[in-house]
Each structure stands twice: as structure tokens, then as C-alpha cells.
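Novice: The structure file start.txt (compact mmCIF, C-alpha atoms) is provided below.
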# COMPACT_ATOMS: atom_id res chain seq x y z
CA MET A 331 -130.46 13.77 29.24
CA THR A 332 -129.99 17.30 30.50
CA THR A 333 -127.86 18.10 33.52
CA ARG A 334 -130.87 19.25 35.55
CA TRP A 335 -132.82 16.03 35.19
CA ALA A 336 -129.71 13.87 35.47
CA ARG A 337 -129.48 15.04 39.08
CA PHE A 338 -132.49 12.87 39.92
CA HIS A 339 -130.13 9.88 39.92
CA ARG A 340 -128.66 11.18 43.18
CA ILE A 341 -129.77 9.09 46.16
CA PRO A 342 -131.86 11.20 48.61
CA GLN A 343 -130.16 11.88 51.94
CA VAL A 344 -131.71 12.03 55.42
CA GLN A 345 -132.29 15.79 55.18
CA ASP A 346 -134.09 15.27 51.85
CA TRP A 347 -136.53 12.80 53.46
CA LEU A 348 -137.13 15.19 56.38
CA ARG A 349 -137.95 18.08 54.02
CA TRP A 350 -140.23 15.80 52.05
CA GLY A 351 -141.97 14.69 55.27
CA PHE A 352 -142.95 18.28 56.11
CA ILE A 353 -144.71 18.40 52.76
CA VAL A 354 -146.28 14.93 52.54
CA VAL A 355 -147.34 14.05 56.08
CA PRO A 356 -149.94 16.89 56.33
CA MET A 357 -151.49 15.62 53.09
CA PHE A 358 -152.11 12.20 54.61
CA ALA A 359 -153.45 13.84 57.77
CA ALA A 360 -156.05 15.70 55.68
CA MET A 361 -157.36 12.60 53.90
CA PRO A 362 -159.97 11.45 56.48
CA ARG A 363 -161.99 14.70 56.06
CA ALA A 364 -161.35 15.24 52.35
CA ASP A 365 -164.13 15.82 49.82
CA THR A 366 -163.83 15.58 46.04
CA LEU A 367 -162.03 18.91 45.62
CA SER A 368 -159.76 18.15 48.56
CA TRP A 369 -158.81 14.77 47.09
CA ILE A 370 -157.84 16.48 43.84
CA LEU A 371 -155.67 18.99 45.70
CA ILE A 372 -154.10 16.23 47.81
CA GLY A 373 -153.35 14.15 44.72
CA VAL A 374 -151.76 17.04 42.86
CA THR A 375 -149.66 18.02 45.88
CA LEU A 376 -148.47 14.45 46.49
CA ALA A 377 -147.60 14.02 42.81
CA LEU A 378 -145.60 17.24 42.78
CA SER A 379 -143.95 16.43 46.11
CA ILE A 380 -142.05 13.40 44.80
CA PRO A 381 -139.46 15.46 42.86
CA LEU A 382 -138.94 17.57 45.99
CA LEU A 383 -136.84 14.69 47.35
CA TRP A 384 -134.17 16.11 45.02
CA LEU A 385 -134.84 19.71 46.05
CA TYR A 386 -131.16 20.66 46.03
CA ALA A 387 -128.12 19.22 44.30
CA ASP A 388 -124.64 20.40 45.32
CA GLY A 389 -126.18 23.24 47.32
CA ARG A 390 -128.11 24.66 44.36
CA PRO A 391 -131.81 24.43 43.42
CA ALA A 392 -132.27 21.35 41.23
CA LEU A 393 -135.98 21.94 40.40
CA PRO A 394 -137.92 24.65 38.58
CA ALA A 395 -139.31 27.32 40.89
CA ALA A 396 -142.75 26.89 39.23
CA LEU A 397 -143.06 23.39 40.72
CA MET A 398 -142.48 24.62 44.27
CA VAL A 399 -144.83 27.59 43.80
CA THR A 400 -147.52 25.18 42.59
CA VAL A 401 -147.10 23.12 45.77
CA VAL A 402 -147.65 26.31 47.79
CA ALA A 403 -150.81 27.07 45.80
CA THR A 404 -152.36 23.58 46.09
CA SER A 405 -151.52 23.13 49.77
CA GLY A 406 -152.81 26.64 50.53
CA ALA A 407 -156.07 25.90 48.73
CA LEU A 408 -156.43 22.63 50.66
CA TRP A 409 -155.81 24.38 53.98
CA ALA A 410 -158.43 27.03 53.14
CA THR A 411 -161.08 24.43 52.26
CA VAL A 412 -160.46 21.74 54.90
CA PRO A 413 -160.99 23.11 58.44
CA ASN A 414 -158.33 22.44 61.08
CA SER A 415 -156.08 20.54 58.68
CA PHE A 416 -152.30 20.56 58.82
CA ALA A 417 -151.94 21.55 55.17
CA SER A 418 -150.60 24.91 56.34
CA ILE A 419 -147.40 23.09 57.37
CA THR A 420 -146.87 22.08 53.75
CA MET A 421 -147.56 25.62 52.58
CA PHE A 422 -145.27 27.27 55.14
CA SER A 423 -142.37 24.77 54.81
CA THR A 424 -142.37 25.01 51.02
CA THR A 425 -142.40 28.81 51.28
CA PHE A 426 -139.37 28.60 53.56
CA PHE A 427 -137.46 26.51 51.01
CA ILE A 428 -138.38 28.96 48.24
CA VAL A 429 -137.15 31.93 50.29
CA LEU A 430 -133.98 30.03 51.11
CA ARG A 431 -132.77 29.40 47.56
CA GLN A 432 -135.02 30.77 44.80
CA PRO A 433 -134.87 34.16 43.01
CA VAL A 434 -136.99 37.17 43.96
CA VAL A 435 -139.97 36.56 41.65
CA PRO A 436 -140.84 33.04 42.96
CA ILE A 437 -140.47 34.32 46.53
CA VAL A 438 -142.93 37.18 45.93
CA VAL A 439 -145.41 34.85 44.22
CA ALA A 440 -145.19 32.29 47.05
CA VAL A 441 -145.73 34.97 49.74
CA LEU A 442 -148.74 36.40 47.87
CA LEU A 443 -150.21 32.91 47.62
CA ASP A 444 -149.70 32.46 51.36
CA PHE A 445 -151.53 35.70 52.16
CA ALA A 446 -154.29 34.81 49.71
CA ALA A 447 -154.77 31.38 51.31
CA ILE A 448 -154.88 32.92 54.80
CA THR A 449 -157.44 35.50 53.68
CA VAL A 450 -159.68 32.86 52.04
CA TRP A 451 -159.36 30.63 55.11
CA ALA A 452 -160.37 33.48 57.41
CA ALA A 453 -163.31 34.45 55.18
CA VAL A 454 -164.64 30.90 54.71
CA HIS A 455 -164.39 29.92 58.37
CA ASP A 456 -165.03 33.39 59.83
CA ALA A 457 -161.68 33.23 61.65
CA TRP A 458 -160.43 36.76 61.20
CA ARG A 459 -159.22 36.81 64.78
CA GLY A 460 -156.77 34.01 63.97
CA ALA A 461 -155.71 35.53 60.66
CA LEU A 462 -153.36 38.10 62.15
CA PRO A 463 -151.19 35.54 64.02
CA THR A 464 -151.06 33.47 60.83
CA TYR A 465 -149.90 36.46 58.82
CA THR A 466 -147.24 36.91 61.49
CA ILE A 467 -146.13 33.30 61.05
CA VAL A 468 -145.60 33.93 57.35
CA ALA A 469 -143.51 37.02 58.15
CA VAL A 470 -141.42 35.02 60.64
CA ILE A 471 -140.88 32.28 58.05
CA ILE A 472 -139.72 34.86 55.53
CA LEU A 473 -137.28 36.38 58.03
CA LEU A 474 -135.93 32.97 59.01
CA GLY A 475 -135.45 32.02 55.37
CA LEU A 476 -133.70 35.28 54.55
CA ASN A 477 -131.46 34.96 57.60
CA ARG A 478 -130.49 31.42 56.69
CA ARG A 479 -129.95 32.51 53.08
CA THR A 480 -127.62 35.29 54.22
CA ARG A 481 -125.64 32.85 56.35
CA LEU A 482 -125.27 30.41 53.47
CA ALA A 483 -124.15 33.23 51.17
CA LYS A 484 -121.53 34.31 53.71
CA MET A 485 -120.30 30.73 54.06
CA GLU A 486 -119.99 30.41 50.28
CA GLN A 487 -118.12 33.72 50.11
CA THR A 488 -115.78 32.55 52.87
CA GLU A 489 -115.09 29.30 51.03
CA LEU A 490 -114.49 31.23 47.82
CA ALA A 491 -112.12 33.60 49.60
CA LEU A 492 -110.21 30.67 51.10
CA ALA A 493 -109.97 29.01 47.69
CA ARG A 494 -108.66 32.23 46.15
CA ALA A 495 -106.16 32.65 48.98
CA GLN A 496 -104.97 29.08 48.44
CA THR A 497 -104.62 29.74 44.72
CA ALA A 498 -102.70 32.95 45.42
CA THR A 499 -100.38 31.09 47.81
CA GLU A 500 -99.72 28.40 45.23
CA GLU A 501 -99.06 31.00 42.54
CA HIS A 502 -96.69 32.85 44.87
CA ALA A 503 -94.81 29.65 45.62
CA ARG A 504 -94.70 28.85 41.92
CA ALA A 505 -93.38 32.34 41.12
CA ALA A 506 -90.71 31.95 43.78
CA ALA A 507 -89.70 28.58 42.35
CA LEU A 508 -89.52 30.03 38.84
CA ALA A 509 -87.38 32.91 40.10
CA GLU A 510 -85.00 30.48 41.80
CA ARG A 511 -84.79 28.37 38.66
CA ALA A 512 -84.03 31.47 36.60
CA ARG A 513 -81.23 32.36 39.04
CA ILE A 514 -79.77 28.86 38.79
CA ALA A 515 -80.03 29.06 35.00
CA ARG A 516 -78.08 32.32 35.00
CA GLU A 517 -75.38 30.89 37.24
CA LEU A 518 -75.15 27.75 35.14
CA HIS A 519 -74.93 29.76 31.96
CA ASP A 520 -72.32 32.18 33.28
CA VAL A 521 -70.07 29.61 34.93
CA LEU A 522 -70.43 26.32 33.10
CA ALA A 523 -71.40 27.42 29.59
CA HIS A 524 -68.79 30.15 29.40
CA SER A 525 -66.08 27.83 30.76
CA LEU A 526 -66.94 25.07 28.30
CA ALA A 527 -67.03 27.56 25.43
CA GLY A 528 -63.56 28.84 26.38
CA LEU A 529 -62.26 25.30 26.77
CA SER A 530 -63.56 24.34 23.34
CA LEU A 531 -61.87 27.33 21.72
CA ASN A 532 -58.57 26.60 23.46
CA LEU A 533 -58.68 22.95 22.38
CA GLN A 534 -59.37 24.03 18.84
CA GLY A 535 -56.27 26.26 18.97
CA ALA A 536 -54.20 23.48 20.50
CA ARG A 537 -55.25 21.06 17.76
CA LEU A 538 -54.24 23.53 15.04
CA MET A 539 -50.85 24.10 16.71
CA LEU A 540 -50.19 20.35 16.95
CA VAL A 541 -51.06 19.87 13.30
CA ARG A 542 -48.79 22.80 12.39
CA ASP A 543 -45.87 21.45 14.41
CA GLY A 544 -46.24 17.92 12.99
CA ALA A 545 -47.31 16.22 16.23
CA SER A 546 -48.16 12.51 16.27
CA PRO A 547 -51.62 11.46 15.06
CA ASP A 548 -52.42 10.01 18.50
CA ALA A 549 -51.87 13.39 20.18
CA VAL A 550 -54.04 15.15 17.59
CA ALA A 551 -56.77 12.50 18.03
CA GLN A 552 -56.74 12.98 21.82
CA ILE A 553 -57.17 16.74 21.41
CA GLU A 554 -60.01 16.20 18.92
CA ARG A 555 -61.80 13.84 21.35
CA ALA A 556 -61.42 16.39 24.13
CA GLN A 557 -62.77 19.13 21.88
CA LYS A 558 -65.75 16.95 20.94
CA LEU A 559 -66.53 16.28 24.61
CA ALA A 560 -66.34 20.00 25.36
CA SER A 561 -68.72 20.78 22.49
CA GLU A 562 -71.19 18.12 23.62
CA GLY A 563 -71.02 19.41 27.19
CA LEU A 564 -71.70 22.94 25.96
CA SER A 565 -74.74 21.71 24.03
CA GLU A 566 -76.08 19.84 27.06
CA ALA A 567 -75.49 22.89 29.26
CA ARG A 568 -77.52 25.05 26.88
CA LYS A 569 -80.37 22.51 26.93
CA ALA A 570 -80.32 22.51 30.73
CA VAL A 571 -80.46 26.32 30.81
CA ALA A 572 -83.35 26.35 28.34
CA ALA A 573 -85.26 23.75 30.38
CA LEU A 574 -84.76 25.73 33.57
CA ARG A 575 -85.94 28.96 31.99
CA GLU A 576 -88.90 27.65 29.97
CA ASP A 577 -90.47 25.51 32.71
CA ALA A 578 -92.87 23.92 30.24
CA VAL A 579 -96.27 23.11 31.79
CA PRO A 580 -98.51 20.36 30.33
CA VAL A 581 -101.46 21.65 28.30
CA GLU A 582 -103.93 19.70 30.46
CA ARG A 583 -102.71 21.43 33.62
CA THR A 584 -102.81 24.87 32.02
CA ILE A 585 -106.39 24.35 30.82
CA ALA A 586 -107.39 22.98 34.23
CA ASP A 587 -105.94 26.12 35.87
CA LEU A 588 -107.97 28.32 33.48
CA LEU A 589 -111.15 26.45 34.38
CA THR A 590 -110.39 26.72 38.08
CA ALA A 591 -110.04 30.48 37.73
CA TYR A 592 -113.35 30.60 35.84
CA ARG A 593 -115.09 28.61 38.59
CA LEU A 594 -113.72 30.91 41.28
CA ASP A 595 -114.73 34.06 39.38
CA SER A 596 -118.22 32.99 38.27
CA GLY A 597 -119.30 30.31 40.76
CA ALA A 598 -120.42 28.19 37.78
CA ARG A 599 -119.42 24.64 36.93
CA ALA A 600 -116.42 24.20 34.62
CA ASP A 601 -115.28 20.64 33.89
CA LEU A 602 -112.41 19.19 31.84
CA ARG A 603 -112.65 15.77 30.21
CA ILE A 604 -109.57 14.15 28.65
CA ASP A 605 -109.95 11.37 26.09
CA GLY A 606 -106.96 9.28 25.08
CA GLU A 607 -103.44 9.27 26.48
CA PRO A 608 -101.97 12.76 27.06
CA ARG A 609 -98.56 13.36 25.50
CA GLU A 610 -96.05 16.15 25.05
CA LEU A 611 -97.17 18.53 22.31
CA ASP A 612 -95.34 20.90 20.04
CA PRO A 613 -95.21 24.37 21.68
CA ALA A 614 -97.20 25.91 18.80
CA VAL A 615 -99.96 23.30 19.19
CA GLY A 616 -100.08 23.73 22.96
CA THR A 617 -100.26 27.50 22.60
CA ALA A 618 -103.14 27.22 20.12
CA LEU A 619 -105.12 24.98 22.47
CA VAL A 620 -104.57 27.17 25.52
CA ARG A 621 -105.39 30.38 23.63
CA ALA A 622 -108.60 28.80 22.31
CA VAL A 623 -109.77 27.97 25.83
CA GLN A 624 -108.84 31.46 27.05
CA GLU A 625 -110.81 33.13 24.25
CA ALA A 626 -113.81 30.83 24.73
CA LEU A 627 -113.95 31.56 28.47
CA ALA A 628 -113.61 35.29 27.80
CA ASN A 629 -116.56 35.14 25.39
CA THR A 630 -118.60 33.18 27.93
CA ARG A 631 -117.91 35.80 30.60
CA LYS A 632 -118.96 38.51 28.17
CA HIS A 633 -122.07 37.00 26.57
CA ALA A 634 -123.29 34.35 29.06
CA ALA A 635 -122.06 35.25 32.53
CA LYS A 636 -122.11 32.38 35.05
CA ALA A 637 -122.90 29.76 32.40
CA ASP A 638 -121.56 26.24 33.00
CA VAL A 639 -118.67 25.22 30.74
CA ASP A 640 -117.60 21.80 29.45
CA VAL A 641 -114.15 21.34 27.91
CA ARG A 642 -113.18 18.14 26.13
CA LEU A 643 -109.57 17.45 25.10
CA GLY A 644 -109.01 14.38 22.93
CA TYR A 645 -105.76 12.68 21.89
CA SER A 646 -105.81 10.37 18.87
CA GLY A 647 -103.05 8.84 16.79
CA ASP A 648 -101.89 11.91 14.87
CA GLU A 649 -104.12 14.80 16.00
CA VAL A 650 -105.57 16.56 19.02
CA THR A 651 -109.16 17.81 19.29
CA LEU A 652 -110.55 20.47 21.60
CA THR A 653 -114.21 21.27 22.24
CA VAL A 654 -115.38 24.11 24.50
CA ALA A 655 -119.14 24.47 25.07
CA ASP A 656 -120.95 26.74 27.49
CA ARG A 657 -124.37 25.76 28.84
CA GLN A 658 -126.64 28.80 28.64
CA GLY A 659 -129.88 26.78 28.82
CA ARG A 660 -131.02 28.08 25.44
CA ARG A 661 -129.81 28.31 21.86
CA PRO A 662 -127.90 31.60 21.48
CA PRO A 663 -128.42 33.76 18.39
CA ASP A 664 -126.01 33.49 15.50
CA ALA A 665 -123.15 36.00 15.70
CA PRO A 666 -123.48 38.67 12.99
CA ALA A 667 -119.73 38.45 12.28
CA ALA A 668 -116.75 36.71 13.82
CA GLY A 669 -114.93 38.88 16.33
CA TYR A 670 -111.18 39.36 16.46
CA GLY A 671 -110.83 36.64 19.08
CA LEU A 672 -112.57 33.95 17.02
CA ARG A 673 -110.80 35.15 13.88
CA GLY A 674 -107.45 34.93 15.65
CA MET A 675 -108.21 31.39 16.83
CA SER A 676 -109.16 30.36 13.30
CA GLU A 677 -105.99 31.85 11.83
CA ARG A 678 -103.77 30.22 14.45
CA VAL A 679 -105.35 26.81 13.77
CA ALA A 680 -105.05 27.32 9.99
CA LEU A 681 -101.31 27.95 10.34
CA LEU A 682 -101.07 24.50 11.93
CA ASP A 683 -103.06 22.91 9.06
CA GLY A 684 -105.93 22.27 11.44
CA ARG A 685 -109.71 22.71 11.29
CA PHE A 686 -111.74 25.21 13.31
CA GLU A 687 -115.53 25.42 13.86
CA SER A 688 -117.52 27.88 15.92
CA GLY A 689 -121.22 28.51 16.34
CA PRO A 690 -124.35 28.15 18.48
CA GLY A 691 -125.31 24.73 19.81
CA GLU A 692 -128.54 23.43 21.33
CA ASP A 693 -128.05 25.14 24.68
CA GLY A 694 -125.04 27.44 24.27
CA TRP A 695 -122.04 28.47 22.20
CA ARG A 696 -119.54 25.85 21.01
CA ILE A 697 -116.10 25.90 19.46
CA HIS A 698 -114.31 22.84 18.11
CA LEU A 699 -110.82 22.58 16.65
CA THR A 700 -108.61 19.79 15.40
CA VAL A 701 -104.85 20.16 14.93
CA PRO A 702 -102.18 17.66 13.85
CA ALA A 703 -99.94 16.59 16.72
Translate the structure described by the file into C-alpha cells.
Specialist:
Amino acid sequence: MTTRWARFHRIPQVQDWLRWGFIVVPMFAAMPRADTLSWILIGVTLALSIPLLWLYADGRPALPAALMVTVVATSGALWATVPNSFASITMFSTTFFIVLRQPVVPIVVAVLLDFAAITVWAAVHDAWRGALPTYTIVAVIILLGLNRRTRLAKMEQTELALARAQTATEEHARAAALAERARIARELHDVLAHSLAGLSLNLQGARLMLVRDGASPDAVAQIERAQKLASEGLSEARKAVAALREDAVPVERTIADLLTAYRLDSGARADLRIDGEPRELDPAVGTALVRAVQEALANTRKHAAKADVDVRLGYSGDEVTLTVADRQGRRPPDAPAAGYGLRGMSERVALLDGRFESGPGEDGWRIHLTVPA
């Protein structure tokens, strides 16, 4: 089931029923005076109106523009043929919803259909005197829809700006934390590591002097134990410094951050699904996975701007799989030759004894890789 039609499982809200009422109620009001042609138009409009309960999903159009334009055409024809009916309400309200969310072409078609219906209505009923106010109503509806559309666009831009500001704040705080950790690592290295290294060397010299001077075995053993403790402390200090400096981030979080940046930049959907139990990966494996997602998102931005993206990360017993697929809504053409990015991904995966696949899918481009881990 495609994403578009899967949205029909959403339960209609109160606003959905109100929008639907503006379309359906005038059809029932026109039934008492309907003839054969009118009944056909009413039936088609009612049948097409049912999906309009799911007119929008997550603030975006969930239905093809052709369906809404057809509702404008059938309701306009009904209004032109049935005198004094309320079918114009259906025509005008549907036009408003088209202006509010649809692209330019459906808006132009819907407005032309409105003017055509008004002209036919005026000619059939010899009501040219009332045609001008009706044309004005259409113009007002267009202006209201455009105004509301502009407001919604500004609200979305404001939300996007706030999200980017929040991301920038988090990145700034993270950078500050990393800088502080680097400072602590330097202090730890300079003070503790150097001191332990000097202590270890001095103990080594003391042990050699005791052996040279014929000291008791117990004294030599004590010095050896102290030297061993100093060496172990030095090793642990180095590990602590490395941990402070590297600040390893889980692969899942890094990929999620990449998808968040893609959503903010494009406004498209980008989801991450994790199968299995996440675990710590070898740095080379983690780097290969992150670089694959980065390259896939870069290719999507280049060849299918604003396409939805699905990323699936799977953990099994001895391997990790990664699938990145963009949803372009059509099957893309085969690439004439692999670019440097795809070639680099393939080479990196091959070095890890993994498998790499890349190519067009049913509705977009897909890469899939499997690496031992």
C-alpha cells in the first residue's frame, strides 16, 4: 500500500467533517428538483466527495488535485443546470481548498471552471445582471485562499526557523562540551600521564639499583609491584584521555541527526527504522554506515529534491544491514555509470568484506549494504 493511500486510515477530525459538509449538503438540497442529468452530476459529486474527508494529512494535500478539480466541474455543471440550487457552495468551497494547498495549474483550471459555470448559468437563466457579483465572489474566494496560504507558509517558515535555531543551540552546547572535554583531556594528559610515566621510569631505575646492590627479594618484589601499578595507571590514563577526546557517538544517533538536517533543509519526510538490538560497532563499520547515508542524502538532494526518504538499519547476529530509499513517486532511470560517491561507498564496504547494491527501485533510488559486525 502506498503512503498516499495509507493516509486514508486516519480518522477524520471535526474540521474534516465540516469541510465535507460544505461539499455534500448542497448536493442533498438539490435533489428535490433534480432531473436525470442532475442526478448523474449529484451522484458523481457525492462519490468523489467521500475521499475529501481525508483532504489533508499532516498539513499536506493527501489527494490528487484532479479529484478536487472534478468536484468543481460537476458541482458547477449542476449549479448551471438546476436553478436556485446551492451547488455553487460546493463549487466555491472546493475552489477555496484548491487555492489553499494545490499547485498553480490546478488553481488555474478550477478558476476557469468557475467562470465557465457562471457564464453558462447566466446564459441559460438570462441572469447576466447577477453574473458580475458572482464573478466577484470567485475573486474574493481566490484572495481569501491566497491570504490564508501565505499565512500558513509564514507559520511553517517560522516553525522551521525555530527548529533550526534549536538545532544550532544544541550544536553550540555540544561544541562547548567537546571543547571542555578536550581541555580536561589535555590537563589529565599533562599532569597525570606525565607524572605516572616519570614514576614508572624512576621505579624501573630503583629496581635495577636494588638488584645491583644485592637487596632482598622482598624489596625487589615490592618495587616491581609498584612499577606494575604505575604502568597500569598510565595505561588507564591514556584510555581516559582517548575517551574524552574521541567522544564516540552511536551510529543510530548520527544517522538520525543527518535525517533531521535533511528534513529541515527540504521539508520532506525522512524516517529511520531500527531492527534488532543496537550495539557498539567497530569505528570502521560505523564510518561506512554514516558515509553511506550522507552520500545517499546528497544524491537525493541533487537528483530528487524534496523526495521522502526511508532509512532502515538492521542488527543481526554477526552483521549490520543498511537500506536507504528515496520516494520520488516514479521509477528513476538507470544511472549511465556509477559516480565517485557510489564508487567510494562500494569500495569502503568491500574493504570490510561486505556487500553493496545500488539502483532504481519501484518509486525511487535505493542503496543497500551489508557489513560484518
Novice: At a cut-off of 8 Å, using only C-alpha atoms, what residues contact Asp601 in chain A? Leave out same-chain residues fewer than 2 positions from it and give the result as a ChimeraX atom specification.
Specialist: /A:589,599,603,639-641
Novice: Quick one: residues within 10 Å of Thr480 in chain A, all atoms listed in the file, excluding same-chain residues fewer than 6 positions away - as a list of chain:residue names?
Specialist: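 Near neighbours after the sequence-gap exclusion: A:Leu430, A:Leu474, A:Glu486.
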Novice: Keeping C-alpha atoms, export the residues of the selection given above as a tab-separated table (two decimals), in the coordinates of the input.
Specialist:
chain	number	residue	atom	x	y	z
A	430	LEU	CA	-133.98	30.03	51.11
A	474	LEU	CA	-135.93	32.97	59.01
A	486	GLU	CA	-119.99	30.41	50.28
Novice: What is the CA of Arg542 in chain A-CA of Gln557 in chain A distance in Å, reported with one decimal?
Specialist: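 Between CA of Arg542 in chain A and CA of Gln557 in chain A the gap works out to 17.3 Å.
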Novice: Compile the contact shell of Ser423 in chain A as a list in words: residues with an atom at most 10 Å away, counting only C-alpha atoms, same-chain residues fewer than 6 positions apart removed.
Specialist: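 Listed by chain and then number, they are Arg349, Trp350, Phe352, Ile353, Val402, Val429 and Ile471 of chain A.
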Novice: Could you tell me which of A:Leu408, A:Ala598, A:Leu652, A:Ala505 comes closest to Thr630 in chain A if we count only C-alpha atoms?
Specialist: A:Ala598
Novice: For CA of Ala453 in chain A and CA of Thr424 in chain A, determine how far apart the two atoms are, in Å to one decimal place.
Specialist: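 Between CA of Ala453 in chain A and CA of Thr424 in chain A the gap is 23.3 Å.
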Novice: Write out as a VMD selection string each polymer residue whose atoms come within 10 Å of Pro690 in chain A, counting all atoms listed in the file; drop sequence neighbours fewer than 4 positions from it.
Specialist: chain A and resid 655 to 656 660 to 665 694 to 697
Novice: List every residue of range 463-552 of chain A that has an atom at most 8 Å from any atom of range 433-451 of chain A, giving for each one its closest atom pair and the distance in Å to one decimal, counting only C-alpha atoms, sorted by chain and then by ascending residue number, as CSV.
Specialist:
residue,atom,partner,partner_atom,distance
A:Thr464,CA,A:Ile448,CA,7.2
A:Tyr465,CA,A:Phe445,CA,6.9
A:Val468,CA,A:Asp444,CA,7.4
Novice: Next, write the just-selected residues to a file, as an mmCIF file, keeping the file's coordinate frame, keeping C-alpha atoms as the atom set.
Specialist:
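Everything below was put into result-v1.cif:
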data_model
loop_
_atom_site.group_PDB
_atom_site.id
_atom_site.type_symbol
_atom_site.label_atom_id
_atom_site.label_comp_id
_atom_site.auth_asym_id
_atom_site.auth_seq_id
_atom_site.Cartn_x
_atom_site.Cartn_y
_atom_site.Cartn_z
ATOM 1 C CA THR A 464 -151.060 33.470 60.830
ATOM 2 C CA TYR A 465 -149.900 36.460 58.820
ATOM 3 C CA VAL A 468 -145.600 33.930 57.350
#
Novice: Identify, on the basis of all atoms listed in the file, every residue whose closest approach to Arg609 in chain A does not exceed 12 Å; exclude the query and any residue fewer than 6 positions from it along the same chain; express the result as a ChimeraX atom specification.
Specialist: /A:579-582,615-616,643-650,703
Novice: Counting all atoms listed in the file, select every polymer residue within 6 Å of (-104.3, 21.1, 13.0) as defined in the file's coordinates, and provide the selection as a list in words.
Specialist: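 Checking each residue against the 6 Å limit leaves Val679, Leu682, Asp683, Gly684, Arg685, Thr700, Val701 and Pro702 of chain A.
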Novice: Filtering to C-alpha atoms, could you give me those residues as a short mmCIF file (atom, residue, chain, number, x, y, z; two decimals), keeping the file's coordinate frame?
Specialist:
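Wrote it out as out-v7.cif, contents follow:
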data_model
loop_
_atom_site.label_atom_id
_atom_site.label_comp_id
_atom_site.auth_asym_id
_atom_site.auth_seq_id
_atom_site.Cartn_x
_atom_site.Cartn_y
_atom_site.Cartn_z
CA VAL A 679 -105.35 26.81 13.77
CA LEU A 682 -101.07 24.50 11.93
CA ASP A 683 -103.06 22.91 9.06
CA GLY A 684 -105.93 22.27 11.44
CA ARG A 685 -109.71 22.71 11.29
CA THR A 700 -108.61 19.79 15.40
CA VAL A 701 -104.85 20.16 14.93
CA PRO A 702 -102.18 17.66 13.85
#
Novice: How far is it from CA of Ser676 in chain A to CA of Gly597 in chain A, in Å with one decimal?
Specialist: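 Atom-to-atom, CA of Ser676 in chain A and CA of Gly597 in chain A are spaced 29.3 Å apart.
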Novice: If I put a ball of radius 8 Å at (-103.4, 31.6, 39.1) in the file's coordinates, which residues poke into it when counting all atoms listed in the file, written as a compact mmCIF listing (two decimals) with C-alpha atoms, keeping the file's coordinate frame?
Specialist:
# COMPACT_ATOMS: atom_id res chain seq x y z
CA THR A 497 -104.62 29.74 44.72
CA ALA A 498 -102.70 32.95 45.42
CA GLU A 500 -99.72 28.40 45.23
CA GLU A 501 -99.06 31.00 42.54
CA ASP A 587 -105.94 26.12 35.87
CA LEU A 588 -107.97 28.32 33.48
CA ALA A 591 -110.04 30.48 37.73
Novice: How big is the axis-aligned box, and where does its centre sit, when it encloses all atoms of range 416-422 of chain A listed in the file and has 4 Å added on every side, reported in Å to one decimal as AutoDock Vina command-line options?
Specialist:
--center_x -148.8 --center_y 23.9 --center_z 55.7 --size_x 15.0 --size_y 14.7 --size_z 14.2
Novice: Could you check which of A:Ala506, A:Gln552, A:Thr366, A:Thr411 is closest to Leu540 in chain A, using only C-alpha atoms?
Specialist: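 Selected residue with least distance to Leu540 in chain A: A:Gln552.
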Novice: From the set A:Pro613, A:Gly475, A:Gly373, A:Pro608, which residue has the shortest atom-to-atom contact distance to Val354 in chain A, counting only C-alpha atoms?
Specialist: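 Of the candidates, the smallest distance to Val354 in chain A is held by A:Gly373.
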